[in-house]
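Read through the structure below, which is laid out as structure tokens, and then see the notes.
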Amino acid sequence: MSVLVTGAAGFVGSHVSLALKKRGDGVVGIDNFNSYYDPSLKKARKSMLAEHGVFVVAGDINDGKLLAKLFDVVAFTHVMHLAAQAGVRYAMENPHSYVHSNIAGLVTLLEICKSANPQPAVVWASSSSVYGLNEKSPFSESDRTDQPASLYAATKKAGEEITHTYNHIYGLSITGLRFFTVYGPWGRPDMAYFSFTRNILQGKPITVYRGKNRVDLARDFTYIDDVVKGCLGSLDTSGKSTGSGGKKSGPAPYRIFNLGNTSPVTVPALVSILERHLKVKAKKNVVEMPGNGDVPFTHANISMARREFGYKPTTDLQTGLKKFVKWYLSYYGYNHGKAVN
């Protein structure tokens with residue numbers, strides 16, 4: 001395979017790029033290194049990839065000329081599209097960044113893919129947030145996804161509709177992956193487990209949200225290595241695109257899969273695991289969840305991914321957080337909450 005990985009300096013993107021390279025596939029990455037969170041972490045991931053022979057181009061997926069140039073140089077067989085503006089709450093502060101990356105950027109990329117010859121198969125990151133206000137548990141791919149609770153979720157849902165159109169008109173093979181709260185080493189600092197770790201070590205209080213009627217929030221936390229296996233499995237089974245030069249010769253695969261862990265854990269339980277691994281007690285502020293687009297729980301039904309490509313998560317939260325904490329302490333060098341460097 002020769003794979004273009006977008007968002008290659010991101011959390012999931014860097015892990016997927018490395019896994020592809022290690023098994024012998026050709027990989028080129030692209031990332032815009034934006035400042036939504038500390039770009040130095042993205043640059044460190046880029047250096048780690050460079051050490052393994054993966055080159056990451058600095059550029060934006062909205063730059064059609066740059067993408068066209070990359071496709072001229074490399075006949076990509078697959079595109080792993082992981083570049084996105086992530087985060088539910090930030091969408092209230094900067095809605096346009098979500099439309100720019102998750103909708104406009106997706107269309108720019110699909111336009112290049114549809115015209116490429118040969119057309120690549122596309123696997124891209126949707127999100128479990130598309131289930132929105134759905135109360136049926138566990139969440140299945142056939143459930144309703146027309147009640148998003150956040151603009152982020154709405155842009156990912158829009159992405160599913162847009163990719164369906166490109167599959168239908170141009171014969172692009174498309175697989176959408178609905179990720180469920182991915183965590184682990186080299187993770188995203190805007191996520192709760194990451195900021196909890198930082199604040200606990202620095203002796204700062206953490207804010208733990210609680211749902212209506214004092215119900216604990218719960219998430220289907222999925223360890224990064226399990227998600228990477230799901231990404232590679234979906235690339236390997238993606239099937240071929242059926243168009244060339246923007247014209248379709250027959251129907252192409254269109255698939256959507258949940259990639260979760262199937263065992264939701266409450267946020268207080270997550271905190272107590274972190275306390276145990278960090279050997280520090282957390283100072284907690286427990287507050288009612290504000291209406292910022294977060295949902296009370298997520299829980300994935302993964303039987304479709306298991307059937308199609310043998311997806312089987314094996315890392316529980318206890319083990320996964322232990323690995324994360326080990327990485328965190330080695331990367332940031334914290335000693336009793338005081339930054340060493």
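Chains: A, B, ... in order of the structure tokens. Residues: from 1 per chain. Ligands: from 1, in order shown.
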* To do: Write down as a VMD selection string the residues belonging to segment 111-324 of chain A that are assigned strand (DSSP E) by DSSP computed on the backbone.
  => chain A and resid 121 to 127 174 to 179 182 to 183 206 to 210 218 to 219 222 to 223 243 to 244 247 to 248 254 to 259 265 to 266 284 to 288
* Long-range neighbours of Ile200 of chain A as a VMD selection string, 12 Å cut-off, only C-alpha atoms, 4 positions minimum in chain -> chain A and resid 192 to 196 204 to 207 271 to 272 274 to 284 325 334 to 338
* To do: Extract, using only C-alpha atoms, all DNA, RNA and protein residues at most 9 Å from Gly243 of chain A, discarding same-chain residues fewer than 2 positions from it, and format them as a PyMOL selection string.
  => chain A and resi 114-115+117-119+170-172+241+245-250+252
Those same residues, written as an mmCIF file, in the first residue's frame with all heavy atoms?
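Printed below is out.cif as written:
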data_model
loop_
_atom_site.group_PDB
_atom_site.id
_atom_site.type_symbol
_atom_site.label_atom_id
_atom_site.label_comp_id
_atom_site.auth_asym_id
_atom_site.auth_seq_id
_atom_site.Cartn_x
_atom_site.Cartn_y
_atom_site.Cartn_z
ATOM 1 N N LYS A 114 -11.256 11.967 -6.060
ATOM 2 C CA LYS A 114 -12.177 11.516 -7.131
ATOM 3 C C LYS A 114 -11.526 11.659 -8.502
ATOM 4 O O LYS A 114 -11.775 10.892 -9.404
ATOM 5 C CB LYS A 114 -13.488 12.304 -7.058
ATOM 6 C CG LYS A 114 -13.373 13.644 -7.745
ATOM 7 C CD LYS A 114 -14.696 14.297 -8.102
ATOM 8 C CE LYS A 114 -14.453 15.279 -9.229
ATOM 9 N NZ LYS A 114 -15.040 16.586 -9.042
ATOM 10 N N SER A 115 -10.652 12.682 -8.656
ATOM 11 C CA SER A 115 -10.016 12.933 -9.956
ATOM 12 C C SER A 115 -8.740 12.131 -10.151
ATOM 13 O O SER A 115 -8.211 12.055 -11.253
ATOM 14 C CB SER A 115 -9.693 14.421 -10.103
ATOM 15 O OG SER A 115 -10.849 15.178 -9.850
ATOM 16 N N ASN A 117 -6.023 9.188 -10.632
ATOM 17 C CA ASN A 117 -6.074 7.971 -11.434
ATOM 18 C C ASN A 117 -4.826 7.144 -11.136
ATOM 19 O O ASN A 117 -3.744 7.548 -11.514
ATOM 20 C CB ASN A 117 -6.145 8.346 -12.921
ATOM 21 C CG ASN A 117 -6.758 7.232 -13.737
ATOM 22 O OD1 ASN A 117 -6.973 6.141 -13.222
ATOM 23 N ND2 ASN A 117 -7.011 7.500 -15.010
ATOM 24 N N PRO A 118 -4.894 6.033 -10.403
ATOM 25 C CA PRO A 118 -6.122 5.420 -9.911
ATOM 26 C C PRO A 118 -6.716 6.168 -8.702
ATOM 27 O O PRO A 118 -5.972 6.819 -7.970
ATOM 28 C CB PRO A 118 -5.641 4.026 -9.477
ATOM 29 C CG PRO A 118 -4.204 4.233 -9.086
ATOM 30 C CD PRO A 118 -3.685 5.303 -10.009
ATOM 31 N N GLN A 119 -8.022 6.019 -8.528
ATOM 32 C CA GLN A 119 -8.643 6.593 -7.333
ATOM 33 C C GLN A 119 -8.231 5.768 -6.112
ATOM 34 O O GLN A 119 -8.284 4.543 -6.157
ATOM 35 C CB GLN A 119 -10.173 6.521 -7.421
ATOM 36 C CG GLN A 119 -10.826 7.521 -8.332
ATOM 37 C CD GLN A 119 -12.344 7.342 -8.348
ATOM 38 O OE1 GLN A 119 -12.859 6.282 -8.012
ATOM 39 N NE2 GLN A 119 -13.054 8.374 -8.764
ATOM 40 N N TYR A 170 -19.106 9.269 -7.627
ATOM 41 C CA TYR A 170 -17.785 9.080 -8.252
ATOM 42 C C TYR A 170 -17.180 7.701 -8.045
ATOM 43 O O TYR A 170 -16.079 7.427 -8.523
ATOM 44 C CB TYR A 170 -16.805 10.144 -7.737
ATOM 45 C CG TYR A 170 -17.288 11.546 -8.002
ATOM 46 C CD1 TYR A 170 -17.655 12.380 -6.950
ATOM 47 C CD2 TYR A 170 -17.368 12.040 -9.309
ATOM 48 C CE1 TYR A 170 -18.104 13.672 -7.191
ATOM 49 C CE2 TYR A 170 -17.820 13.328 -9.556
ATOM 50 C CZ TYR A 170 -18.191 14.142 -8.491
ATOM 51 O OH TYR A 170 -18.636 15.413 -8.743
ATOM 52 N N GLY A 171 -17.852 6.828 -7.279
ATOM 53 C CA GLY A 171 -17.314 5.480 -7.087
ATOM 54 C C GLY A 171 -16.112 5.412 -6.155
ATOM 55 O O GLY A 171 -15.295 4.495 -6.260
ATOM 56 N N LEU A 172 -16.003 6.382 -5.252
ATOM 57 C CA LEU A 172 -14.908 6.300 -4.267
ATOM 58 C C LEU A 172 -15.263 5.263 -3.206
ATOM 59 O O LEU A 172 -16.371 5.287 -2.655
ATOM 60 C CB LEU A 172 -14.692 7.653 -3.578
ATOM 61 C CG LEU A 172 -13.873 8.703 -4.325
ATOM 62 C CD1 LEU A 172 -13.866 10.016 -3.531
ATOM 63 C CD2 LEU A 172 -12.431 8.245 -4.552
ATOM 64 N N SER A 241 -11.844 1.572 -5.179
ATOM 65 C CA SER A 241 -12.701 2.592 -5.783
ATOM 66 C C SER A 241 -12.958 2.172 -7.228
ATOM 67 O O SER A 241 -12.139 1.482 -7.845
ATOM 68 C CB SER A 241 -12.012 3.950 -5.737
ATOM 69 O OG SER A 241 -11.915 4.405 -4.393
ATOM 70 N N GLY A 245 -10.604 9.330 -13.168
ATOM 71 C CA GLY A 245 -10.786 10.670 -13.701
ATOM 72 C C GLY A 245 -12.151 11.247 -13.364
ATOM 73 O O GLY A 245 -12.717 12.027 -14.118
ATOM 74 N N GLY A 246 -12.713 10.853 -12.213
ATOM 75 C CA GLY A 246 -13.977 11.432 -11.774
ATOM 76 C C GLY A 246 -15.207 10.760 -12.355
ATOM 77 O O GLY A 246 -16.318 11.233 -12.166
ATOM 78 N N LYS A 247 -15.046 9.615 -13.075
ATOM 79 C CA LYS A 247 -16.219 8.921 -13.628
ATOM 80 C C LYS A 247 -16.315 7.513 -13.031
ATOM 81 O O LYS A 247 -15.347 6.770 -13.007
ATOM 82 C CB LYS A 247 -16.108 8.829 -15.155
ATOM 83 C CG LYS A 247 -16.263 10.183 -15.835
ATOM 84 C CD LYS A 247 -16.645 10.032 -17.303
ATOM 85 C CE LYS A 247 -17.030 11.349 -17.941
ATOM 86 N NZ LYS A 247 -16.098 12.438 -17.685
ATOM 87 N N LYS A 248 -17.516 7.174 -12.578
ATOM 88 C CA LYS A 248 -17.733 5.901 -11.892
ATOM 89 C C LYS A 248 -18.065 4.786 -12.894
ATOM 90 O O LYS A 248 -18.848 4.986 -13.805
ATOM 91 C CB LYS A 248 -18.887 6.105 -10.910
ATOM 92 C CG LYS A 248 -19.383 4.882 -10.203
ATOM 93 C CD LYS A 248 -20.357 5.296 -9.112
ATOM 94 C CE LYS A 248 -21.712 4.684 -9.345
ATOM 95 N NZ LYS A 248 -22.638 4.887 -8.243
ATOM 96 N N SER A 249 -17.470 3.602 -12.686
ATOM 97 C CA SER A 249 -17.788 2.494 -13.582
ATOM 98 C C SER A 249 -18.686 1.454 -12.921
ATOM 99 O O SER A 249 -19.141 0.516 -13.563
ATOM 100 C CB SER A 249 -16.500 1.822 -14.068
ATOM 101 O OG SER A 249 -15.791 1.304 -12.969
ATOM 102 N N GLY A 250 -18.924 1.622 -11.605
ATOM 103 C CA GLY A 250 -19.784 0.666 -10.897
ATOM 104 C C GLY A 250 -19.846 1.036 -9.435
ATOM 105 O O GLY A 250 -19.132 1.933 -8.987
ATOM 106 N N ALA A 252 -19.163 1.190 -5.500
ATOM 107 C CA ALA A 252 -17.974 0.959 -4.664
ATOM 108 C C ALA A 252 -18.424 0.805 -3.209
ATOM 109 O O ALA A 252 -19.510 1.257 -2.844
ATOM 110 C CB ALA A 252 -17.021 2.140 -4.802
#
* Mind checking which residues fall within 7 Å of segment 222-233 of chain A, counting only C-alpha atoms, ignoring those fewer than 4 positions away in the same chain, and posting them as a ChimeraX atom specification? => /A:15-16,180-184,237,259-261,309,311,313-315,320
Can I get the selected residues back with C-alpha atoms, as a PDB file, in the first residue's frame?
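Saved the output as out-v3.pdb:
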ATOM      1  CA  HIS A  15       0.306   6.115  15.724  1.00  0.00           C
ATOM      2  CA  VAL A  16      -1.340   4.918  12.496  1.00  0.00           C
ATOM      3  CA  PHE A 180     -14.993   6.337  20.925  1.00  0.00           C
ATOM      4  CA  THR A 181     -12.835   8.439  23.326  1.00  0.00           C
ATOM      5  CA  VAL A 182      -9.368   7.360  22.194  1.00  0.00           C
ATOM      6  CA  TYR A 183      -6.609   7.725  24.814  1.00  0.00           C
ATOM      7  CA  GLY A 184      -2.998   6.720  25.396  1.00  0.00           C
ATOM      8  CA  THR A 237     -10.568  -4.562   3.762  1.00  0.00           C
ATOM      9  CA  LEU A 259     -14.295   1.568  16.953  1.00  0.00           C
ATOM     10  CA  GLY A 260     -14.845   1.451  20.702  1.00  0.00           C
ATOM     11  CA  ASN A 261     -13.967  -0.741  23.638  1.00  0.00           C
ATOM     12  CA  PHE A 309     -12.043  -7.305   9.888  1.00  0.00           C
ATOM     13  CA  TYR A 311     -11.596  -5.934  15.352  1.00  0.00           C
ATOM     14  CA  PRO A 313      -9.947  -4.470  21.584  1.00  0.00           C
ATOM     15  CA  THR A 314      -7.753  -6.040  24.261  1.00  0.00           C
ATOM     16  CA  THR A 315      -6.644  -3.168  26.538  1.00  0.00           C
ATOM     17  CA  GLY A 320      -4.022   1.651  29.173  1.00  0.00           C
TER      18      GLY A 320
END
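Shortest separation to Ser101 of chain A among A:Met304, A:Ile61, A:Val130, A:Leu67 occurs at residue A:Ile61, atoms counted being only C-alpha atoms.
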* Asked: Mind checking DSSP for segment 55-86 of chain A and telling me the helix (DSSP H, G or I) residues as a PyMOL selection string?
  -> chain A and resi 64-73
Same residues, all heavy atoms, saved as a JSON list (two decimals), in the first residue's frame:
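The file below, selection17.json, is the result:
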[["chain", "number", "residue", "atom", "x", "y", "z"],
["A", 64, "GLY", "N", -5.74, 22.68, -2.13],
["A", 64, "GLY", "CA", -5.92, 21.72, -3.22],
["A", 64, "GLY", "C", -4.69, 21.56, -4.10],
["A", 64, "GLY", "O", -4.38, 20.46, -4.55],
["A", 65, "LYS", "N", -3.96, 22.68, -4.31],
["A", 65, "LYS", "CA", -2.76, 22.62, -5.16],
["A", 65, "LYS", "C", -1.71, 21.70, -4.55],
["A", 65, "LYS", "O", -1.07, 20.91, -5.23],
["A", 65, "LYS", "CB", -2.17, 24.02, -5.35],
["A", 65, "LYS", "CG", -2.95, 24.89, -6.33],
["A", 65, "LYS", "CD", -2.08, 26.06, -6.80],
["A", 65, "LYS", "CE", -2.82, 26.89, -7.84],
["A", 65, "LYS", "NZ", -3.42, 28.10, -7.28],
["A", 66, "LEU", "N", -1.52, 21.85, -3.23],
["A", 66, "LEU", "CA", -0.53, 21.01, -2.53],
["A", 66, "LEU", "C", -0.94, 19.54, -2.60],
["A", 66, "LEU", "O", -0.11, 18.66, -2.89],
["A", 66, "LEU", "CB", -0.39, 21.47, -1.07],
["A", 66, "LEU", "CG", 0.50, 20.59, -0.17],
["A", 66, "LEU", "CD1", 1.94, 20.58, -0.67],
["A", 66, "LEU", "CD2", 0.45, 21.05, 1.28],
["A", 67, "LEU", "N", -2.22, 19.26, -2.33],
["A", 67, "LEU", "CA", -2.69, 17.88, -2.39],
["A", 67, "LEU", "C", -2.50, 17.30, -3.79],
["A", 67, "LEU", "O", -2.04, 16.16, -3.95],
["A", 67, "LEU", "CB", -4.18, 17.79, -2.00],
["A", 67, "LEU", "CG", -4.54, 18.08, -0.53],
["A", 67, "LEU", "CD1", -6.04, 17.96, -0.34],
["A", 67, "LEU", "CD2", -3.83, 17.11, 0.42],
["A", 68, "ALA", "N", -2.83, 18.09, -4.81],
["A", 68, "ALA", "CA", -2.68, 17.62, -6.20],
["A", 68, "ALA", "C", -1.23, 17.28, -6.49],
["A", 68, "ALA", "O", -0.91, 16.29, -7.14],
["A", 68, "ALA", "CB", -3.20, 18.68, -7.16],
["A", 69, "LYS", "N", -0.32, 18.12, -5.96],
["A", 69, "LYS", "CA", 1.12, 17.90, -6.17],
["A", 69, "LYS", "C", 1.54, 16.57, -5.51],
["A", 69, "LYS", "O", 2.28, 15.78, -6.11],
["A", 69, "LYS", "CB", 1.90, 19.07, -5.56],
["A", 69, "LYS", "CG", 3.29, 19.24, -6.13],
["A", 69, "LYS", "CD", 3.96, 20.50, -5.58],
["A", 69, "LYS", "CE", 3.54, 21.75, -6.31],
["A", 69, "LYS", "NZ", 4.17, 22.97, -5.78],
["A", 70, "LEU", "N", 1.04, 16.32, -4.30],
["A", 70, "LEU", "CA", 1.37, 15.06, -3.61],
["A", 70, "LEU", "C", 0.90, 13.86, -4.43],
["A", 70, "LEU", "O", 1.60, 12.86, -4.56],
["A", 70, "LEU", "CB", 0.74, 15.03, -2.21],
["A", 70, "LEU", "CG", 1.35, 15.95, -1.15],
["A", 70, "LEU", "CD1", 0.54, 15.90, 0.14],
["A", 70, "LEU", "CD2", 2.79, 15.57, -0.86],
["A", 71, "PHE", "N", -0.32, 13.96, -4.98],
["A", 71, "PHE", "CA", -0.86, 12.85, -5.79],
["A", 71, "PHE", "C", -0.10, 12.70, -7.11],
["A", 71, "PHE", "O", -0.04, 11.61, -7.66],
["A", 71, "PHE", "CB", -2.36, 13.06, -6.03],
["A", 71, "PHE", "CG", -3.22, 12.47, -4.95],
["A", 71, "PHE", "CD1", -3.51, 13.19, -3.80],
["A", 71, "PHE", "CD2", -3.74, 11.19, -5.06],
["A", 71, "PHE", "CE1", -4.30, 12.65, -2.79],
["A", 71, "PHE", "CE2", -4.54, 10.64, -4.07],
["A", 71, "PHE", "CZ", -4.81, 11.37, -2.92],
["A", 72, "ASP", "N", 0.47, 13.80, -7.62],
["A", 72, "ASP", "CA", 1.30, 13.71, -8.84],
["A", 72, "ASP", "C", 2.58, 12.93, -8.56],
["A", 72, "ASP", "O", 3.06, 12.19, -9.40],
["A", 72, "ASP", "CB", 1.68, 15.13, -9.34],
["A", 72, "ASP", "CG", 0.52, 15.79, -10.06],
["A", 72, "ASP", "OD1", -0.44, 15.07, -10.41],
["A", 72, "ASP", "OD2", 0.57, 17.01, -10.26],
["A", 73, "VAL", "N", 3.13, 13.15, -7.37],
["A", 73, "VAL", "CA", 4.40, 12.51, -7.02],
["A", 73, "VAL", "C", 4.20, 11.05, -6.63],
["A", 73, "VAL", "O", 4.99, 10.18, -6.97],
["A", 73, "VAL", "CB", 5.08, 13.29, -5.85],
["A", 73, "VAL", "CG1", 6.36, 12.60, -5.39],
["A", 73, "VAL", "CG2", 5.38, 14.72, -6.29]]
* Selection: 8 Å around Lys212 of chain A, only C-alpha atoms, excl. self and same-chain fewer than 3 positions, as an MDAnalysis selection string -> chainID A and resid 215 288:289
Residues just named, written with all heavy atoms as a PDB file, in the first residue's frame:
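Written output follows (part_16.pdb):
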ATOM      1  N   VAL A 215     -26.101  11.807  38.079  1.00  0.00           N
ATOM      2  CA  VAL A 215     -25.591  10.581  37.446  1.00  0.00           C
ATOM      3  C   VAL A 215     -24.162  10.828  36.952  1.00  0.00           C
ATOM      4  O   VAL A 215     -23.872  11.858  36.347  1.00  0.00           O
ATOM      5  CB  VAL A 215     -26.487  10.178  36.248  1.00  0.00           C
ATOM      6  CG1 VAL A 215     -25.887   9.006  35.480  1.00  0.00           C
ATOM      7  CG2 VAL A 215     -27.885   9.834  36.735  1.00  0.00           C
ATOM      8  N   GLU A 288     -22.312  20.205  38.024  1.00  0.00           N
ATOM      9  CA  GLU A 288     -23.338  19.815  37.044  1.00  0.00           C
ATOM     10  C   GLU A 288     -22.813  20.068  35.633  1.00  0.00           C
ATOM     11  O   GLU A 288     -22.189  21.099  35.383  1.00  0.00           O
ATOM     12  CB  GLU A 288     -24.582  20.673  37.300  1.00  0.00           C
ATOM     13  CG  GLU A 288     -25.849  20.110  36.714  1.00  0.00           C
ATOM     14  CD  GLU A 288     -26.452  18.984  37.568  1.00  0.00           C
ATOM     15  OE1 GLU A 288     -25.900  18.636  38.626  1.00  0.00           O
ATOM     16  OE2 GLU A 288     -27.475  18.459  37.126  1.00  0.00           O
ATOM     17  N   MET A 289     -23.070  19.149  34.723  1.00  0.00           N
ATOM     18  CA  MET A 289     -22.588  19.314  33.353  1.00  0.00           C
ATOM     19  C   MET A 289     -23.299  20.491  32.681  1.00  0.00           C
ATOM     20  O   MET A 289     -24.518  20.539  32.628  1.00  0.00           O
ATOM     21  CB  MET A 289     -22.852  18.030  32.556  1.00  0.00           C
ATOM     22  CG  MET A 289     -22.339  18.093  31.138  1.00  0.00           C
ATOM     23  SD  MET A 289     -22.383  16.493  30.306  1.00  0.00           S
ATOM     24  CE  MET A 289     -24.114  16.332  29.941  1.00  0.00           C
TER      25      MET A 289
END
* Considering only C-alpha atoms, state which residue in the set A:Arg178, A:His168, A:His96, A:Arg219 is at the smallest distance from Pro253 of chain A. => A:His168
* **Residue contacts of segment 316-319 of chain A (7 Å, only C-alpha atoms) excluding same-chain residues fewer than 4 positions away, as a ChimeraX atom specification** => /A:221,273,323
* Excluding Val208 of chain A and any residue of its chain fewer than 5 positions from it, enumerate the residues within 7 Å of it, using only C-alpha atoms, and give them as a PyMOL selection string. => chain A and resi 284-287
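Each of A:His52, A:Ala218, A:Ser40, A:Leu82 was checked against Tyr332 of chain A using only C-alpha atoms; the smallest atom-to-atom distance is that of A:Ser40.
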* Asked: Can you tell me how far atom CA of Phe179 of chain A sits from atom CA of Ser14 of chain A, in Å to one decimal?
  -> 15.6 Å
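Atom CA of Asp294 of chain A lies 10.0 Å from atom CA of Pro148 of chain A.
Counting from atom CA of Ser127 of chain A, the distance to atom CA of Met48 of chain A is 26.3 Å.
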Would you give me, as a Markdown table, each residue of segment 61-93 of chain A having an atom within 10 Å of an atom of segment 24-36 of chain A, along with its shortest atom pair and that distance in Å to one decimal, using only C-alpha atoms and sorting by chain and residue number?
| residue | atom | partner | partner_atom | distance |
| --- | --- | --- | --- | --- |
| A:Ile61 | CA | A:Ile30 | CA | 7.8 |
| A:Asn62 | CA | A:Asn32 | CA | 9.9 |
| A:Leu66 | CA | A:Ile30 | CA | 10.0 |
| A:Leu67 | CA | A:Ile30 | CA | 9.1 |
| A:Leu70 | CA | A:Val28 | CA | 8.8 |
| A:Val74 | CA | A:Val28 | CA | 8.9 |
| A:Phe76 | CA | A:Gly26 | CA | 8.8 |
| A:Thr77 | CA | A:Gly26 | CA | 9.7 |
| A:His78 | CA | A:Val27 | CA | 9.8 |
| A:Val79 | CA | A:Val27 | CA | 9.8 |
| A:Met80 | CA | A:Gly29 | CA | 9.5 |
| A:His81 | CA | A:Ile30 | CA | 9.8 |
| A:Leu82 | CA | A:Asp31 | CA | 9.6 |
| A:Ala83 | CA | A:Asp31 | CA | 7.2 |
| A:Ala84 | CA | A:Asp31 | CA | 9.9 |
| A:Gln85 | CA | A:Tyr36 | CA | 8.2 |
| A:Ala86 | CA | A:Tyr36 | CA | 8.8 |
| A:Gly87 | CA | A:Tyr36 | CA | 9.5 |
| A:Tyr90 | CA | A:Tyr36 | CA | 9.0 |
